[in-house]
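Structure first, commentary second.
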Amino acid sequence: MLIFESIIDGLRDIKDHFGRTLLQLLGIILGAGSIVATFSLSVAGKSAAMEYYRVSGGIQKIWVSNHPTGKVTLGARALASEGLTYGDALALRRDAKEIDLVSPVANMDMTIRYRAIEKPRSVLGVVPAYSPMNDFHAGEGRFITDNDLTSAARVVVLGTERAQEFFGSENPIGKILTINGTGYQVVGVMEEKYFSFDQKRNIMRWMNRQMYIPITTFVTRKGESPQHGKISYMHARMRDIKRADQSVDEIKHILKREHGINDFEVFSRVANLRRNEQNNKMYDMTFMICGIISLLVGGIVVMNIQLASFNERVREVGTRKAVGASPAQIFFQFLSESIVVSVFGGFLGLFAGKLFTTAISMLMKRPTFITPSTIVNALIFAAGTGLFFGMYPAIRASRLNPIEALRTE
Amino acid sequence: MSALLEPESEPERSLIHLAGVTKIYDAGENAVQALAGVNVEISRGEFVAIVGPSGSGKSTLMHILGCLDSPTDGEYWLDGENVADLSARALARIRNQKIGFVFQTFNLLPRATVWKNVELPLLYAGIGTEERRERALEALKHVGLDRRAKHRPNELSGGQRQRVAIARALVNDPSLILADEPTGNLDTKTGSEIIDIFEKLAANNQTIILVTHDPAIAARTQRKITIVDGLIVSPES
């Protein structure tokens, strides 16, 4: 009841001195605002990153790429190493226990011709695992199969932009496309791959601009045996992300056994993610510290208002005490006024935070999300500031001697 | 046996019993003795004036009577309760339940309505909204201001403000009303009207102690207590 009255008094105080209160609440508003901005950016950043990871094959993805050592003093066996080969992929699939998918990729520009159109275009030699590995599937027809792989079939699957480029409105399935002078039958067209951080640029577009043929066909057409066919890179997928380090080590171990030297690089998204999280934490911390400093400044200002209004209200406190307000009742009355004022500032801060995040998301071209927990956090911080900085004025008011208070002019 | 029973066999204990009350301010080198051993008995329903020149200790006496301050030494019984050595919290409770104050400068809360001002003691007594509103309106009817309940104090004349203060003093049905120079800020005619109200209350058996330096006003009470240099010089008049 008394608390209710105090809240009414606090609101009346805001109403009576709206301009002054608003100015002095600026600290709380900015503080709560930057907390809202921090949380919403951080939440949005994390969810965008996670979405990107999901779209591009999940955080279980491991990269294996060529990395020439550059050393000139190599042993005979090391000199014999040809870099990553299709044979390495087969060895990994056979021996690696931490891995459930291996997707070797060979890449080269080839001359593509269909009727009157002839252009140099990027061709990828892949295995069926490429599709689940990258969460990228055939939209029409089918993707490369194990049969295609074992028979080194002359089949091709097109990215959407290539299908459009060479066939236009024609249905490409079943048609024969000439690649480096050899005919390939089109067996499928991929779905369109799309992901964007800013709703403008499709960062997956390059996948729509590829043409996919069996990797065995790719290497044998170049005159290499499948076992020694050179590849550009490999993706692998770990079974258990908790065993990321073991998975990477196992791949390194097997490749070292195959190559004799470390002419390759292996890294996992989990390690990437850890590093990103470190960075994110730093950004979050920086924003948080700014928010907390603003709130501190705001809190000191609130304390000042309360002390000033306390000086204006010494007689009032004296009167309240004379008619029987106990020290505790005066204490809670002043404290709840500070909290009401701060929570009010916190509410305004939510709008400030909305403005900040809108501005940031426009500048950085990133989406931002304000979640309910963000709002609750900002309000709790604001109320806490009021509680902490309202304490001192409330204690002073509660200890006031009523006789002296009533004597004050 | 009869000696043991004696204190309780007293027919009607007085409302106020002060015995050997002293008050020393700023204890130490320059200690000031404001009260030098005051003995006072005031019965229920009495209308008493405390008079004395400034610096005589009448304000100190009134603060102690009003439980705003505690005596350095001596006994103070109010309405059968020993209130000489109570904590700040307990004194607040006594003020809330047993005493109604009327001040020279009215001391109304400027931003609250007349109604809210009169409700204030009931608010701190923890009484519910409905009952508070009813009792405050009742008290305002007593002083003829129930039609001004929704006004703010600065919309009222000085006499009306003092009547609001009297309503606030009455609202908790106190054992004692303490008025400190209640006519000090009012013209003679308005002051006289305020004393009329006190007289009416006294006629209804309400105990009132009025601190004043105006002999004309003191003359309208039933009994005058004169204090000089911290001592009562005319306990009876």
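Starting from 1 in every chain, residues are counted up; chains themselves are A, B, ... following the order of the structure tokens, and ligands are numbered from 1 as listed.
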
Considering only C-alpha atoms, tabulate each residue of chain B that lies at most 6 Å from chain A along with its nearest interatomic pair and the corresponding distance in Å to one decimal; arrange the rows by chain and ascending residue number and present them as a tab-separated table.
residue	atom	partner	partner_atom	distance
B:Arg89	CA	A:Ser326	CA	5.3
B:Ala92	CA	A:Gly324	CA	4.5
B:Arg93	CA	A:Gly324	CA	5.8
B:Arg95	CA	A:Gly324	CA	5.1
B:Asn96	CA	A:Gly324	CA	3.9
B:Pro121	CA	A:Val323	CA	5.3
B:Tyr124	CA	A:Ala325	CA	5.5

Polymer residues at most 10 Å from stretch 90-104 of chain A, only C-alpha atoms, same-chain spacing of 6 or more positions, as number ranges by chain: A: 60-65, 84, 124-134, 215, 227, 230-241, 243-244, 246-255, 258

Contacts of stretch 201-214 of chain B at 10 Å (only C-alpha atoms; same-chain gap of 4+ positions) as a PyMOL selection string: chain B and resi 15+42-54+58-59+61-62+65-66+99-104+142+170+173-184+195-197+218-219+221-226

Using only C-alpha atoms, determine which residues lie at most 12 Å from stretch 75-79 of chain B, disregarding the query and same-chain residues fewer than 2 positions distant; provide the list as a PDB file with N, CA and C atoms, in the first residue's frame.
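result.pdb was written with the following content:
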ATOM      1  N   GLU B  12      -8.654   7.613  38.169  1.00  0.00           N
ATOM      2  CA  GLU B  12      -8.455   7.961  36.761  1.00  0.00           C
ATOM      3  C   GLU B  12      -7.052   8.519  36.624  1.00  0.00           C
ATOM      4  N   ARG B  13      -6.162   7.742  36.011  1.00  0.00           N
ATOM      5  CA  ARG B  13      -4.810   8.257  35.831  1.00  0.00           C
ATOM      6  C   ARG B  13      -4.850   9.379  34.810  1.00  0.00           C
ATOM      7  N   SER B  14      -3.992  10.356  34.992  1.00  0.00           N
ATOM      8  CA  SER B  14      -4.007  11.482  34.070  1.00  0.00           C
ATOM      9  C   SER B  14      -3.463  11.033  32.710  1.00  0.00           C
ATOM     10  N   LEU B  15      -3.832  11.774  31.673  1.00  0.00           N
ATOM     11  CA  LEU B  15      -3.391  11.431  30.319  1.00  0.00           C
ATOM     12  C   LEU B  15      -1.886  11.636  30.197  1.00  0.00           C
ATOM     13  N   ILE B  16      -1.418  12.764  30.775  1.00  0.00           N
ATOM     14  CA  ILE B  16      -0.002  13.090  30.699  1.00  0.00           C
ATOM     15  C   ILE B  16       0.560  13.219  32.095  1.00  0.00           C
ATOM     16  N   HIS B  17       1.691  12.526  32.294  1.00  0.00           N
ATOM     17  CA  HIS B  17       2.347  12.595  33.596  1.00  0.00           C
ATOM     18  C   HIS B  17       3.836  12.805  33.337  1.00  0.00           C
ATOM     19  N   LEU B  18       4.318  14.020  33.647  1.00  0.00           N
ATOM     20  CA  LEU B  18       5.732  14.343  33.484  1.00  0.00           C
ATOM     21  C   LEU B  18       6.324  14.524  34.871  1.00  0.00           C
ATOM     22  N   ALA B  19       7.421  13.828  35.184  1.00  0.00           N
ATOM     23  CA  ALA B  19       8.031  13.964  36.512  1.00  0.00           C
ATOM     24  C   ALA B  19       9.533  14.138  36.370  1.00  0.00           C
ATOM     25  N   GLY B  20      10.027  15.283  36.844  1.00  0.00           N
ATOM     26  CA  GLY B  20      11.472  15.556  36.860  1.00  0.00           C
ATOM     27  C   GLY B  20      12.107  15.510  35.490  1.00  0.00           C
ATOM     28  N   VAL B  21      11.381  15.985  34.475  1.00  0.00           N
ATOM     29  CA  VAL B  21      11.904  15.905  33.105  1.00  0.00           C
ATOM     30  C   VAL B  21      12.954  16.995  32.864  1.00  0.00           C
ATOM     31  N   THR B  22      14.147  16.566  32.460  1.00  0.00           N
ATOM     32  CA  THR B  22      15.193  17.524  32.086  1.00  0.00           C
ATOM     33  C   THR B  22      15.568  17.279  30.633  1.00  0.00           C
ATOM     34  N   LYS B  23      16.075  18.331  29.988  1.00  0.00           N
ATOM     35  CA  LYS B  23      16.605  18.163  28.633  1.00  0.00           C
ATOM     36  C   LYS B  23      17.878  18.999  28.525  1.00  0.00           C
ATOM     37  N   GLY B  37      13.834  20.107  35.020  1.00  0.00           N
ATOM     38  CA  GLY B  37      13.060  19.338  35.996  1.00  0.00           C
ATOM     39  C   GLY B  37      11.608  19.766  35.993  1.00  0.00           C
ATOM     40  N   VAL B  38      10.902  19.303  34.982  1.00  0.00           N
ATOM     41  CA  VAL B  38       9.518  19.743  34.808  1.00  0.00           C
ATOM     42  C   VAL B  38       8.570  18.656  35.299  1.00  0.00           C
ATOM     43  N   ASN B  39       7.599  19.064  36.106  1.00  0.00           N
ATOM     44  CA  ASN B  39       6.536  18.148  36.541  1.00  0.00           C
ATOM     45  C   ASN B  39       5.206  18.687  36.034  1.00  0.00           C
ATOM     46  N   VAL B  40       4.484  17.872  35.262  1.00  0.00           N
ATOM     47  CA  VAL B  40       3.177  18.316  34.752  1.00  0.00           C
ATOM     48  C   VAL B  40       2.213  17.139  34.783  1.00  0.00           C
ATOM     49  N   GLU B  41       0.982  17.429  35.176  1.00  0.00           N
ATOM     50  CA  GLU B  41      -0.101  16.450  35.052  1.00  0.00           C
ATOM     51  C   GLU B  41      -1.187  17.080  34.187  1.00  0.00           C
ATOM     52  N   ILE B  42      -1.603  16.387  33.161  1.00  0.00           N
ATOM     53  CA  ILE B  42      -2.720  16.899  32.368  1.00  0.00           C
ATOM     54  C   ILE B  42      -3.743  15.781  32.237  1.00  0.00           C
ATOM     55  N   SER B  43      -4.987  16.085  32.540  1.00  0.00           N
ATOM     56  CA  SER B  43      -6.040  15.061  32.499  1.00  0.00           C
ATOM     57  C   SER B  43      -6.682  15.020  31.124  1.00  0.00           C
ATOM     58  N   ARG B  44      -7.406  13.932  30.916  1.00  0.00           N
ATOM     59  CA  ARG B  44      -8.161  13.797  29.669  1.00  0.00           C
ATOM     60  C   ARG B  44      -9.171  14.932  29.530  1.00  0.00           C
ATOM     61  N   LEU B  61       9.753  21.574  25.551  1.00  0.00           N
ATOM     62  CA  LEU B  61       8.702  20.856  26.279  1.00  0.00           C
ATOM     63  C   LEU B  61       7.669  20.298  25.301  1.00  0.00           C
ATOM     64  N   ILE B  64       8.980  17.297  23.470  1.00  0.00           N
ATOM     65  CA  ILE B  64       8.958  16.078  24.294  1.00  0.00           C
ATOM     66  C   ILE B  64       7.523  15.585  24.458  1.00  0.00           C
ATOM     67  N   LEU B  65       6.600  16.513  24.712  1.00  0.00           N
ATOM     68  CA  LEU B  65       5.189  16.117  24.838  1.00  0.00           C
ATOM     69  C   LEU B  65       4.700  15.454  23.544  1.00  0.00           C
ATOM     70  N   GLY B  66       5.221  15.942  22.412  1.00  0.00           N
ATOM     71  CA  GLY B  66       4.783  15.416  21.116  1.00  0.00           C
ATOM     72  C   GLY B  66       5.555  14.197  20.668  1.00  0.00           C
ATOM     73  N   CYS B  67       6.442  13.679  21.541  1.00  0.00           N
ATOM     74  CA  CYS B  67       7.228  12.486  21.208  1.00  0.00           C
ATOM     75  C   CYS B  67       8.097  12.693  19.964  1.00  0.00           C
ATOM     76  N   ASP B  69      10.941  14.160  20.495  1.00  0.00           N
ATOM     77  CA  ASP B  69      12.233  14.173  21.168  1.00  0.00           C
ATOM     78  C   ASP B  69      12.063  13.427  22.495  1.00  0.00           C
ATOM     79  N   SER B  70      13.187  12.921  23.018  1.00  0.00           N
ATOM     80  CA  SER B  70      13.110  12.210  24.293  1.00  0.00           C
ATOM     81  C   SER B  70      13.803  13.039  25.378  1.00  0.00           C
ATOM     82  N   PRO B  71      13.305  12.971  26.616  1.00  0.00           N
ATOM     83  CA  PRO B  71      13.962  13.727  27.687  1.00  0.00           C
ATOM     84  C   PRO B  71      15.330  13.133  28.024  1.00  0.00           C
ATOM     85  N   THR B  72      16.252  13.998  28.497  1.00  0.00           N
ATOM     86  CA  THR B  72      17.549  13.503  28.952  1.00  0.00           C
ATOM     87  C   THR B  72      17.354  12.657  30.214  1.00  0.00           C
ATOM     88  N   ASP B  73      16.457  13.135  31.085  1.00  0.00           N
ATOM     89  CA  ASP B  73      16.180  12.395  32.315  1.00  0.00           C
ATOM     90  C   ASP B  73      14.730  12.668  32.726  1.00  0.00           C
ATOM     91  N   GLU B  81       1.344   4.829  28.999  1.00  0.00           N
ATOM     92  CA  GLU B  81       2.513   4.186  28.404  1.00  0.00           C
ATOM     93  C   GLU B  81       3.753   5.022  28.700  1.00  0.00           C
ATOM     94  N   ASN B  82       4.815   4.335  29.145  1.00  0.00           N
ATOM     95  CA  ASN B  82       6.059   5.053  29.420  1.00  0.00           C
ATOM     96  C   ASN B  82       6.770   5.321  28.100  1.00  0.00           C
ATOM     97  N   VAL B  83       6.860   6.583  27.724  1.00  0.00           N
ATOM     98  CA  VAL B  83       7.412   6.883  26.397  1.00  0.00           C
ATOM     99  C   VAL B  83       8.747   7.624  26.487  1.00  0.00           C
ATOM    100  N   ALA B  84       9.368   7.610  27.682  1.00  0.00           N
ATOM    101  CA  ALA B  84      10.591   8.406  27.873  1.00  0.00           C
ATOM    102  C   ALA B  84      11.786   7.863  27.091  1.00  0.00           C
ATOM    103  N   ASP B  85      11.898   6.540  26.979  1.00  0.00           N
ATOM    104  CA  ASP B  85      13.117   5.991  26.350  1.00  0.00           C
ATOM    105  C   ASP B  85      12.794   5.104  25.156  1.00  0.00           C
ATOM    106  N   LEU B  86      11.921   5.530  24.299  1.00  0.00           N
ATOM    107  CA  LEU B  86      11.564   4.671  23.166  1.00  0.00           C
ATOM    108  C   LEU B  86      12.463   4.931  21.959  1.00  0.00           C
ATOM    109  N   LEU B  91       8.598   5.735  18.773  1.00  0.00           N
ATOM    110  CA  LEU B  91       8.079   7.099  18.911  1.00  0.00           C
ATOM    111  C   LEU B  91       7.213   7.454  17.705  1.00  0.00           C
ATOM    112  N   ILE B  94       3.843   6.014  18.315  1.00  0.00           N
ATOM    113  CA  ILE B  94       3.075   6.795  19.293  1.00  0.00           C
ATOM    114  C   ILE B  94       2.510   8.060  18.633  1.00  0.00           C
ATOM    115  N   ARG B  95       3.367   8.766  17.885  1.00  0.00           N
ATOM    116  CA  ARG B  95       2.910   9.994  17.206  1.00  0.00           C
ATOM    117  C   ARG B  95       1.768   9.679  16.256  1.00  0.00           C
ATOM    118  N   GLN B  97      -0.397   7.200  16.390  1.00  0.00           N
ATOM    119  CA  GLN B  97      -1.656   6.708  16.952  1.00  0.00           C
ATOM    120  C   GLN B  97      -2.256   7.626  18.009  1.00  0.00           C
ATOM    121  N   LYS B  98      -1.398   8.395  18.733  1.00  0.00           N
ATOM    122  CA  LYS B  98      -1.926   9.103  19.895  1.00  0.00           C
ATOM    123  C   LYS B  98      -1.861  10.616  19.802  1.00  0.00           C
ATOM    124  N   ILE B  99      -1.128  11.146  18.817  1.00  0.00           N
ATOM    125  CA  ILE B  99      -0.921  12.586  18.800  1.00  0.00           C
ATOM    126  C   ILE B  99      -1.301  13.166  17.447  1.00  0.00           C
ATOM    127  N   PRO B 174      -6.830  11.079  17.882  1.00  0.00           N
ATOM    128  CA  PRO B 174      -5.700  11.047  18.810  1.00  0.00           C
ATOM    129  C   PRO B 174      -6.120  11.282  20.265  1.00  0.00           C
ATOM    130  N   SER B 175      -5.264  10.839  21.198  1.00  0.00           N
ATOM    131  CA  SER B 175      -5.500  11.119  22.607  1.00  0.00           C
ATOM    132  C   SER B 175      -5.220  12.590  22.889  1.00  0.00           C
ATOM    133  N   LEU B 176      -4.339  13.165  22.076  1.00  0.00           N
ATOM    134  CA  LEU B 176      -3.852  14.498  22.384  1.00  0.00           C
ATOM    135  C   LEU B 176      -3.628  15.276  21.093  1.00  0.00           C
ATOM    136  N   THR B 207      -8.538  16.294  24.413  1.00  0.00           N
ATOM    137  CA  THR B 207      -7.422  16.945  25.102  1.00  0.00           C
ATOM    138  C   THR B 207      -6.621  17.769  24.100  1.00  0.00           C
TER     139      THR B 207
END

Long-range neighbours of stretch 186-196 of chain A as a PyMOL selection string, 7 Å cut-off, only C-alpha atoms, 2 positions minimum in chain: chain A and resi 52+137-143+155-160+163+172-177+184+198-205+207-208

Close residues, A:Ala49 itself excluded, 10 Å, only C-alpha atoms, min 4 positions apart in chain, as a ChimeraX atom specification: /A:43-45,53-55,197,273,276

Per-residue DSSP, stretch 40-180 of chain A, filtered to helix (DSSP H, G or I), as an NGL selection string: :A and (40-55 or 76-80 or 86-95 or 130-134 or 146-151 or 160-167)

Those in stretch 20-135 of chain B with strand (DSSP E or B) from DSSP, as a ChimeraX atom specification: /B:20-25,32-42,47-51,73-78,81-82,99-102

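Here atom CA of A:Gly19 is placed at a distance of 19.0 Å from atom CA of A:Gly386.
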
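Each of A:Ser398, A:Glu165, A:Thr38, A:Ser6 was compared to A:Thr371 using only C-alpha atoms, and A:Thr38 turns out to be the nearest.
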
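Closest to B:Ala169 among B:Asn30, B:Asn117, B:Thr190, B:Thr60 is B:Asn117, based on only C-alpha atoms.
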
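Using only C-alpha atoms, the nearest neighbour of A:Phe381 within the list A:Gln185, A:Ser342, A:Thr111, A:Thr150 is A:Ser342.
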
Close residues, A:Thr385 itself excluded, 12 Å, only C-alpha atoms, min 4 positions apart in chain, as number ranges by chain: A: 25, 27-29, 31-32, 291-303, 335-336, 338-346, 378-381, 389-391

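Each of B:Asn154, B:Val143, B:Arg148, B:Leu109 was checked against B:Phe198 using only C-alpha atoms; the smallest atom-to-atom distance is that of B:Val143.
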
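Distance-wise, atom CA of B:Arg111 and atom CA of B:Pro153 end up 7.9 Å apart.
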
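Comparing B:Ala34, B:Ile166, B:Leu231, B:Leu186 by their smallest distance to B:His63, the closest is B:Ala34 (using only C-alpha atoms).
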